[in-house]
Amino acid sequence: MRSPFGATPLHLTEQDVRTEVKKLTEGRGGVDVAIDAVGHTDVLDMAIRLTRACGRVQCIGIYAERGEVHLGLAWLKSLTIRGGQANVIAHLDPVLSMLSEGLLDPTPLVTHHISLNDAPEGVMRSNSTGAKR
């Protein structure tokens, strides 16, 4: 099931990711773009393995420690691997303008509403349940 954003989210430990990618890409040799939003080398390694030749791997997760991935495979497949922090401050004003003008609909991204006073409890609850933020 594709998201309204045109991507299919897959979970490394809850699905047979290789089988899903093979089914979804219909023999194209893998995905065009893989995004590691987790920041774990197992996810990055799987992204490298499941991305088609000349594809792209984007790392937006936070990597807190050293890890190993198959860089030889990335080289053989001529993958572009990019990572880094999102420049949130540079995008804040344009995004807020788009929201206020009704050009951007945030509803597909919002699952819960909580007050600022309840935010610490909400973060603790999402950490314990594995909820997406």
# chains A, B, ... in the order shown; residues from 1 in each chain; ligands from 1

call {"tool": "residues_around", "arguments": {"residues": "A:Leu71", "least_positions_apart": "3", "cutoff": "9 Å", "atoms": "only C-alpha atoms", "output": "number ranges by chain"}}
result
A: 45, 48, 68, 74-76

call {"tool": "write_last_selection", "arguments": {"atoms": "all heavy atoms", "output": "mmCIF file, in the first residue's frame"}}
result
data_model
loop_
_atom_site.group_PDB
_atom_site.id
_atom_site.type_symbol
_atom_site.label_atom_id
_atom_site.label_comp_id
_atom_site.auth_asym_id
_atom_site.auth_seq_id
_atom_site.Cartn_x
_atom_site.Cartn_y
_atom_site.Cartn_z
ATOM 1 N N ASP A 45 22.601 -1.025 5.446
ATOM 2 C CA ASP A 45 23.104 -2.149 4.654
ATOM 3 C C ASP A 45 21.994 -2.738 3.787
ATOM 4 O O ASP A 45 22.195 -3.017 2.600
ATOM 5 C CB ASP A 45 23.705 -3.219 5.566
ATOM 6 C CG ASP A 45 24.461 -4.267 4.774
ATOM 7 O OD1 ASP A 45 25.486 -3.910 4.159
ATOM 8 O OD2 ASP A 45 24.022 -5.433 4.753
ATOM 9 N N ILE A 48 21.289 -0.447 0.840
ATOM 10 C CA ILE A 48 22.292 -0.621 -0.214
ATOM 11 C C ILE A 48 21.980 -1.863 -1.040
ATOM 12 O O ILE A 48 22.040 -1.854 -2.268
ATOM 13 C CB ILE A 48 23.711 -0.692 0.391
ATOM 14 C CG1 ILE A 48 24.110 0.690 0.913
ATOM 15 C CG2 ILE A 48 24.726 -1.213 -0.615
ATOM 16 C CD1 ILE A 48 25.369 0.697 1.750
ATOM 17 N N GLU A 68 29.120 -1.301 10.182
ATOM 18 C CA GLU A 68 29.654 -1.811 8.926
ATOM 19 C C GLU A 68 28.548 -1.967 7.899
ATOM 20 O O GLU A 68 27.462 -2.443 8.218
ATOM 21 C CB GLU A 68 30.303 -3.183 9.149
ATOM 22 C CG GLU A 68 31.575 -3.125 9.935
ATOM 23 C CD GLU A 68 32.247 -4.475 10.011
ATOM 24 O OE1 GLU A 68 32.110 -5.287 9.072
ATOM 25 O OE2 GLU A 68 32.912 -4.720 11.021
ATOM 26 N N ALA A 74 27.954 -1.120 -2.861
ATOM 27 C CA ALA A 74 27.531 0.235 -3.243
ATOM 28 C C ALA A 74 28.362 0.743 -4.419
ATOM 29 O O ALA A 74 27.837 1.366 -5.337
ATOM 30 C CB ALA A 74 27.656 1.176 -2.047
ATOM 31 N N TRP A 75 29.658 0.461 -4.408
ATOM 32 C CA TRP A 75 30.532 0.869 -5.501
ATOM 33 C C TRP A 75 30.184 0.132 -6.792
ATOM 34 O O TRP A 75 30.065 0.744 -7.851
ATOM 35 C CB TRP A 75 31.987 0.617 -5.108
ATOM 36 C CG TRP A 75 32.959 1.020 -6.160
ATOM 37 C CD1 TRP A 75 33.419 2.277 -6.407
ATOM 38 C CD2 TRP A 75 33.566 0.160 -7.121
ATOM 39 N NE1 TRP A 75 34.292 2.248 -7.466
ATOM 40 C CE2 TRP A 75 34.394 0.958 -7.930
ATOM 41 C CE3 TRP A 75 33.495 -1.200 -7.380
ATOM 42 C CZ2 TRP A 75 35.144 0.437 -8.966
ATOM 43 C CZ3 TRP A 75 34.237 -1.710 -8.416
ATOM 44 C CH2 TRP A 75 35.047 -0.902 -9.195
ATOM 45 N N LEU A 76 29.999 -1.200 -6.690
ATOM 46 C CA LEU A 76 29.658 -1.990 -7.881
ATOM 47 C C LEU A 76 28.343 -1.540 -8.513
ATOM 48 O O LEU A 76 28.191 -1.573 -9.729
ATOM 49 C CB LEU A 76 29.566 -3.479 -7.538
ATOM 50 C CG LEU A 76 30.894 -4.182 -7.287
ATOM 51 C CD1 LEU A 76 30.648 -5.569 -6.709
ATOM 52 C CD2 LEU A 76 31.704 -4.265 -8.560
#

call {"tool": "closest_residue", "arguments": {"among": "A:Val31, A:Ile62, A:Ser115, A:Ser97", "to": "A:Thr8", "atoms": "only C-alpha atoms"}}
result
A:Val31

call {"tool": "closest_atom_pairs", "arguments": {"of": "stretch 39-78 of chain A", "to": "stretch 18-30 of chain A", "cutoff": "6 Å", "atoms": "only C-alpha atoms", "output": "JSON lines"}}
result
{"residue": "A:Leu50", "atom": "CA", "partner": "A:Gly30", "partner_atom": "CA", "distance": 5.2}
{"residue": "A:Thr51", "atom": "CA", "partner": "A:Gly30", "partner_atom": "CA", "distance": 4.8}
{"residue": "A:Arg52", "atom": "CA", "partner": "A:Gly30", "partner_atom": "CA", "distance": 4.2}

call {"tool": "write_last_selection", "arguments": {"atoms": "N, CA, C and O atoms", "output": "mmCIF file, in the first residue's frame"}}
result
data_model
loop_
_atom_site.group_PDB
_atom_site.id
_atom_site.type_symbol
_atom_site.label_atom_id
_atom_site.label_comp_id
_atom_site.auth_asym_id
_atom_site.auth_seq_id
_atom_site.Cartn_x
_atom_site.Cartn_y
_atom_site.Cartn_z
ATOM 1 N N LEU A 50 19.105 -3.326 -1.518
ATOM 2 C CA LEU A 50 17.814 -3.308 -2.202
ATOM 3 C C LEU A 50 17.649 -2.171 -3.203
ATOM 4 O O LEU A 50 16.628 -2.077 -3.873
ATOM 5 N N THR A 51 18.656 -1.332 -3.334
ATOM 6 C CA THR A 51 18.589 -0.232 -4.289
ATOM 7 C C THR A 51 19.155 -0.683 -5.629
ATOM 8 O O THR A 51 20.174 -1.355 -5.693
ATOM 9 N N ARG A 52 18.472 -0.313 -6.709
ATOM 10 C CA ARG A 52 18.884 -0.716 -8.057
ATOM 11 C C ARG A 52 20.203 -0.050 -8.426
ATOM 12 O O ARG A 52 20.614 0.926 -7.802
#

call {"tool": "residues_around", "arguments": {"residues": "A:Thr80", "least_positions_apart": "6", "cutoff": "7 Å", "atoms": "only C-alpha atoms", "output": "PyMOL selection string"}}
result
chain A and resi 55-57

call {"tool": "write_last_selection", "arguments": {"atoms": "N, CA, C and O atoms", "output": "PDB file, in the first residue's frame"}}
result
ATOM      1  N   GLY A  55      21.060   3.794  -8.391  1.00  0.00           N
ATOM      2  CA  GLY A  55      20.036   4.375  -7.531  1.00  0.00           C
ATOM      3  C   GLY A  55      20.643   5.228  -6.432  1.00  0.00           C
ATOM      4  O   GLY A  55      21.854   5.474  -6.403  1.00  0.00           O
ATOM      5  N   ARG A  56      19.773   5.686  -5.520  1.00  0.00           N
ATOM      6  CA  ARG A  56      20.205   6.574  -4.457  1.00  0.00           C
ATOM      7  C   ARG A  56      19.786   6.039  -3.093  1.00  0.00           C
ATOM      8  O   ARG A  56      18.683   5.521  -2.942  1.00  0.00           O
ATOM      9  N   VAL A  57      20.657   6.205  -2.131  1.00  0.00           N
ATOM     10  CA  VAL A  57      20.372   5.865  -0.743  1.00  0.00           C
ATOM     11  C   VAL A  57      20.519   7.150   0.065  1.00  0.00           C
ATOM     12  O   VAL A  57      21.567   7.801   0.008  1.00  0.00           O
TER      13      VAL A  57
END

call {"tool": "residues_around", "arguments": {"residues": "A:Val69", "least_positions_apart": "3", "cutoff": "8 Å", "atoms": "only C-alpha atoms", "output": "mmCIF file with N, CA, C and O atoms, in the first residue's frame"}}
result
data_model
loop_
_atom_site.group_PDB
_atom_site.id
_atom_site.type_symbol
_atom_site.label_atom_id
_atom_site.label_comp_id
_atom_site.auth_asym_id
_atom_site.auth_seq_id
_atom_site.Cartn_x
_atom_site.Cartn_y
_atom_site.Cartn_z
ATOM 1 N N THR A 41 22.890 0.780 11.147
ATOM 2 C CA THR A 41 23.657 0.241 10.026
ATOM 3 C C THR A 41 22.999 -0.967 9.380
ATOM 4 O O THR A 41 23.202 -1.201 8.189
ATOM 5 N N ASP A 42 22.194 -1.740 10.118
ATOM 6 C CA ASP A 42 21.472 -2.855 9.489
ATOM 7 C C ASP A 42 20.499 -2.338 8.431
ATOM 8 O O ASP A 42 20.336 -2.936 7.370
ATOM 9 N N LEU A 44 20.790 0.614 6.849
ATOM 10 C CA LEU A 44 21.594 1.163 5.755
ATOM 11 C C LEU A 44 22.126 0.052 4.856
ATOM 12 O O LEU A 44 22.084 0.167 3.628
ATOM 13 N N ASP A 45 22.601 -1.025 5.446
ATOM 14 C CA ASP A 45 23.104 -2.149 4.654
ATOM 15 C C ASP A 45 21.994 -2.738 3.787
ATOM 16 O O ASP A 45 22.195 -3.017 2.600
#

call {"tool": "residues_around", "arguments": {"residues": "A:Gly61", "least_positions_apart": "4", "cutoff": "6 Å", "atoms": "only C-alpha atoms", "output": "PDB file with all heavy atoms, in the first residue's frame"}}
result
ATOM      1  N   ASP A  36      16.923   5.680   4.668  1.00  0.00           N
ATOM      2  CA  ASP A  36      17.118   5.167   6.023  1.00  0.00           C
ATOM      3  C   ASP A  36      16.780   6.296   6.983  1.00  0.00           C
ATOM      4  O   ASP A  36      17.566   7.211   7.181  1.00  0.00           O
ATOM      5  CB  ASP A  36      18.560   4.691   6.228  1.00  0.00           C
ATOM      6  CG  ASP A  36      18.859   4.379   7.688  1.00  0.00           C
ATOM      7  OD1 ASP A  36      17.905   4.299   8.494  1.00  0.00           O
ATOM      8  OD2 ASP A  36      20.039   4.222   8.026  1.00  0.00           O
ATOM      9  N   ALA A  37      15.594   6.223   7.558  1.00  0.00           N
ATOM     10  CA  ALA A  37      15.159   7.242   8.517  1.00  0.00           C
ATOM     11  C   ALA A  37      15.407   6.793   9.945  1.00  0.00           C
ATOM     12  O   ALA A  37      15.045   7.487  10.882  1.00  0.00           O
ATOM     13  CB  ALA A  37      13.673   7.543   8.298  1.00  0.00           C
ATOM     14  N   VAL A  38      16.026   5.625  10.119  1.00  0.00           N
ATOM     15  CA  VAL A  38      16.228   5.044  11.443  1.00  0.00           C
ATOM     16  C   VAL A  38      17.587   5.405  12.015  1.00  0.00           C
ATOM     17  O   VAL A  38      17.715   5.742  13.186  1.00  0.00           O
ATOM     18  CB  VAL A  38      16.065   3.502  11.387  1.00  0.00           C
ATOM     19  CG1 VAL A  38      16.339   2.871  12.729  1.00  0.00           C
ATOM     20  CG2 VAL A  38      14.671   3.142  10.893  1.00  0.00           C
ATOM     21  N   GLY A  39      18.625   5.317  11.197  1.00  0.00           N
ATOM     22  CA  GLY A  39      19.967   5.576  11.683  1.00  0.00           C
ATOM     23  C   GLY A  39      20.617   4.339  12.265  1.00  0.00           C
ATOM     24  O   GLY A  39      21.342   4.407  13.245  1.00  0.00           O
TER      25      GLY A  39
END

call {"tool": "residues_around", "arguments": {"residues": "stretch 86-95 of chain A", "least_positions_apart": "4", "cutoff": "10 Å", "atoms": "only C-alpha atoms", "output": "count of residues only"}}
result
6

call {"tool": "closest_residue", "arguments": {"among": "A:Leu96, A:Arg66, A:Ala53, A:His40", "to": "A:Ser78", "atoms": "only C-alpha atoms"}}
result
A:Ala53

call {"tool": "select_by_dssp", "arguments": {"residues": "chain A", "states": "strand (DSSP E or B)", "output": "list in words"}}
result
Val31, Asp32, Val33, Ala34, Ile35, Asp36, Thr51, Arg52, Ala53, Cys54, Gly55, Arg56, Val57, Gln58, Cys59, Thr80, Ile81, Arg82 and Gly83 of chain A

call {"tool": "residues_around", "arguments": {"residues": "A:Thr13", "least_positions_apart": "3", "cutoff": "12 Å", "atoms": "only C-alpha atoms", "output": "list in words"}}
result
Leu10, Asp16, Val17, Arg18, Asp42, Val43 and Met46 of chain A

call {"tool": "write_last_selection", "arguments": {"atoms": "N, CA, C and O atoms", "output": "short mmCIF file (atom, residue, chain, number, x, y, z; two decimals), in the first residue's frame"}}
result
data_model
loop_
_atom_site.label_atom_id
_atom_site.label_comp_id
_atom_site.auth_asym_id
_atom_site.auth_seq_id
_atom_site.Cartn_x
_atom_site.Cartn_y
_atom_site.Cartn_z
N LEU A 10 8.55 0.40 4.45
CA LEU A 10 8.79 -1.00 4.83
C LEU A 10 9.55 -1.02 6.14
O LEU A 10 10.37 -0.15 6.40
N ASP A 16 9.13 -9.10 5.47
CA ASP A 16 10.19 -9.66 4.63
C ASP A 16 10.47 -8.61 3.56
O ASP A 16 9.86 -8.59 2.49
N VAL A 17 11.38 -7.71 3.89
CA VAL A 17 11.62 -6.53 3.07
C VAL A 17 12.09 -6.91 1.66
O VAL A 17 11.64 -6.33 0.67
N ARG A 18 12.97 -7.89 1.56
CA ARG A 18 13.46 -8.28 0.23
C ARG A 18 12.33 -8.76 -0.67
O ARG A 18 12.25 -8.39 -1.84
N ASP A 42 22.19 -1.74 10.12
CA ASP A 42 21.47 -2.86 9.49
C ASP A 42 20.50 -2.34 8.43
O ASP A 42 20.34 -2.94 7.37
N VAL A 43 19.85 -1.22 8.74
CA VAL A 43 18.91 -0.62 7.79
C VAL A 43 19.67 -0.05 6.59
O VAL A 43 19.27 -0.23 5.44
N MET A 46 20.80 -2.90 4.36
CA MET A 46 19.67 -3.42 3.59
C MET A 46 19.30 -2.44 2.47
O MET A 46 18.99 -2.85 1.35
#

call {"tool": "decode", "arguments": {"residues": "stretch 10-21 of chain A", "atoms": "N, CA, C and O atoms", "output": "PDB file, in the first residue's frame"}}
result
ATOM      1  N   LEU A  10       8.550   0.398   4.452  1.00  0.00           N
ATOM      2  CA  LEU A  10       8.786  -0.997   4.825  1.00  0.00           C
ATOM      3  C   LEU A  10       9.549  -1.020   6.139  1.00  0.00           C
ATOM      4  O   LEU A  10      10.368  -0.149   6.401  1.00  0.00           O
ATOM      5  N   HIS A  11       9.271  -2.025   6.954  1.00  0.00           N
ATOM      6  CA  HIS A  11       9.903  -2.144   8.264  1.00  0.00           C
ATOM      7  C   HIS A  11      10.803  -3.365   8.279  1.00  0.00           C
ATOM      8  O   HIS A  11      10.356  -4.484   8.035  1.00  0.00           O
ATOM      9  N   LEU A  12      12.071  -3.160   8.583  1.00  0.00           N
ATOM     10  CA  LEU A  12      13.096  -4.194   8.496  1.00  0.00           C
ATOM     11  C   LEU A  12      12.778  -5.428   9.326  1.00  0.00           C
ATOM     12  O   LEU A  12      13.012  -6.545   8.880  1.00  0.00           O
ATOM     13  N   THR A  13      12.238  -5.261  10.524  1.00  0.00           N
ATOM     14  CA  THR A  13      12.018  -6.419  11.397  1.00  0.00           C
ATOM     15  C   THR A  13      10.587  -6.928  11.392  1.00  0.00           C
ATOM     16  O   THR A  13      10.321  -7.996  11.933  1.00  0.00           O
ATOM     17  N   GLU A  14       9.672  -6.185  10.799  1.00  0.00           N
ATOM     18  CA  GLU A  14       8.267  -6.610  10.806  1.00  0.00           C
ATOM     19  C   GLU A  14       7.808  -7.192   9.472  1.00  0.00           C
ATOM     20  O   GLU A  14       6.689  -7.687   9.380  1.00  0.00           O
ATOM     21  N   GLN A  15       8.624  -7.113   8.447  1.00  0.00           N
ATOM     22  CA  GLN A  15       8.254  -7.583   7.120  1.00  0.00           C
ATOM     23  C   GLN A  15       9.434  -8.315   6.482  1.00  0.00           C
ATOM     24  O   GLN A  15      10.575  -8.113   6.879  1.00  0.00           O
ATOM     25  N   ASP A  16       9.130  -9.101   5.467  1.00  0.00           N
ATOM     26  CA  ASP A  16      10.187  -9.665   4.629  1.00  0.00           C
ATOM     27  C   ASP A  16      10.473  -8.608   3.564  1.00  0.00           C
ATOM     28  O   ASP A  16       9.862  -8.594   2.494  1.00  0.00           O
ATOM     29  N   VAL A  17      11.382  -7.711   3.891  1.00  0.00           N
ATOM     30  CA  VAL A  17      11.623  -6.529   3.068  1.00  0.00           C
ATOM     31  C   VAL A  17      12.090  -6.906   1.663  1.00  0.00           C
ATOM     32  O   VAL A  17      11.636  -6.329   0.671  1.00  0.00           O
ATOM     33  N   ARG A  18      12.968  -7.886   1.558  1.00  0.00           N
ATOM     34  CA  ARG A  18      13.460  -8.285   0.227  1.00  0.00           C
ATOM     35  C   ARG A  18      12.329  -8.758  -0.673  1.00  0.00           C
ATOM     36  O   ARG A  18      12.252  -8.387  -1.841  1.00  0.00           O
ATOM     37  N   THR A  19      11.441  -9.581  -0.136  1.00  0.00           N
ATOM     38  CA  THR A  19      10.310 -10.085  -0.923  1.00  0.00           C
ATOM     39  C   THR A  19       9.390  -8.940  -1.329  1.00  0.00           C
ATOM     40  O   THR A  19       8.931  -8.880  -2.476  1.00  0.00           O
ATOM     41  N   GLU A  20       9.127  -8.017  -0.397  1.00  0.00           N
ATOM     42  CA  GLU A  20       8.252  -6.876  -0.704  1.00  0.00           C
ATOM     43  C   GLU A  20       8.853  -6.004  -1.801  1.00  0.00           C
ATOM     44  O   GLU A  20       8.162  -5.588  -2.722  1.00  0.00           O
ATOM     45  N   VAL A  21      10.156  -5.736  -1.711  1.00  0.00           N
ATOM     46  CA  VAL A  21      10.813  -4.895  -2.726  1.00  0.00           C
ATOM     47  C   VAL A  21      10.780  -5.585  -4.081  1.00  0.00           C
ATOM     48  O   VAL A  21      10.494  -4.953  -5.097  1.00  0.00           O
TER      49      VAL A  21
END
